[in-house]
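Heads up, the thing below is written out as structure tokens.
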Amino acid sequence: MDVKVVSTNKKARFEYFIEDTFEAGLALKGTEIKSIRLGQISLQEAYVRTDGQQAWLVGAHVAPYEHASATQHDPMRERKLLLHKREIKTLWDAVRIKGMTIVPIKVYLKAGKAKLEI
């Protein structure tokens with residue numbers, strides 16, 4: 001399968017011990033996917049927040065798309081992560097019980113869809 005890495009969080013592997021990884025889809029708006037395909041996303045200050053029901057990518061910066069009309073997305077908005085319920089429960093238990101942190105490692109395009117490795 002053709003995978004194109006768009007952005008990586010280089011600090012994640014140095015500052016954290018990566019125990020387990022998950023692949024999550026991103027719920028994006030129209031101009032966000034266009035910016036991501038151009039590589040205009042930064043994960044430097046990003047983290048993942050969950051409440052046991054849903055998970056969100058917080059603090060990721062997706063630059064506004066230059067060729068868009070008047071309707072632009074908010075570059076710093078929280079983006080919902082698309083995960084299975086059991087994966088969200090596993091992450092929620094790791095944060096709540098074990099005190100772990102969920103960090104984004106990289107964003108890549110897989111079969112034309114934006115994916116996030118956490």
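By convention in this document, the chains of the structure tokens carry letters A, B, ... by their order, each chain's residues are numbered from 1, and ligands are numbered from 1 in the order they are shown.
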>> as a PyMOL selection string, please: every residue in chain A that a backbone DSSP assignment puts in alpha helix (DSSP H).
In response: chain A and resi 10-15+30-37+85-96
> Any idea what's packed within 9 Å of region 79-86 of chain A, counting only C-alpha atoms, ignoring anything in its chain fewer than 2 positions away? Could you give it as number ranges by chain?
Replying inline: A: 22-28, 48, 52-58, 60, 76-77, 88-91, 116
>> Would you pick out the contacts of region 103-112 of chain A at 12 Å or less, using only C-alpha atoms, so that residues sharing its chain but fewer than 2 positions from it are not included, and give the list as a PyMOL selection string?
In response: chain A and resi 1-26+33-34+36-50+55-60+62+81+91+95+100-101+114-118
>> As an exercise, work out the distance from CA of Lys113 (chain A) to CA of Thr31 (chain A) in Å and give it to one decimal place.
In response: 13.7 Å
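From CA of Glu78 (chain A) back to CA of Asp93 (chain A), the distance works out to 21.4 Å.
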> Where in region 10-96 of chain A does DSSP assign strand (DSSP E), given as a list in words?
Replying inline: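 Going through region 10-96 of chain A, the strand (DSSP E) residues come out as Glu23, Ala24, Gly25, Leu26, Ile41, Ser42, Tyr47, Val48, Arg49, Thr50, Ala55, Trp56, Leu57, Val58, His61, Val62, Arg79, Lys80, Leu81 and Leu82 of chain A.
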>> Please report the interatomic distance between CA of Ser35 (chain A) and CA of Ile102 (chain A) in Å with one decimal.
In response: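 Spanning CA of Ser35 (chain A) to CA of Ile102 (chain A) is a straight-line distance of 24.1 Å.
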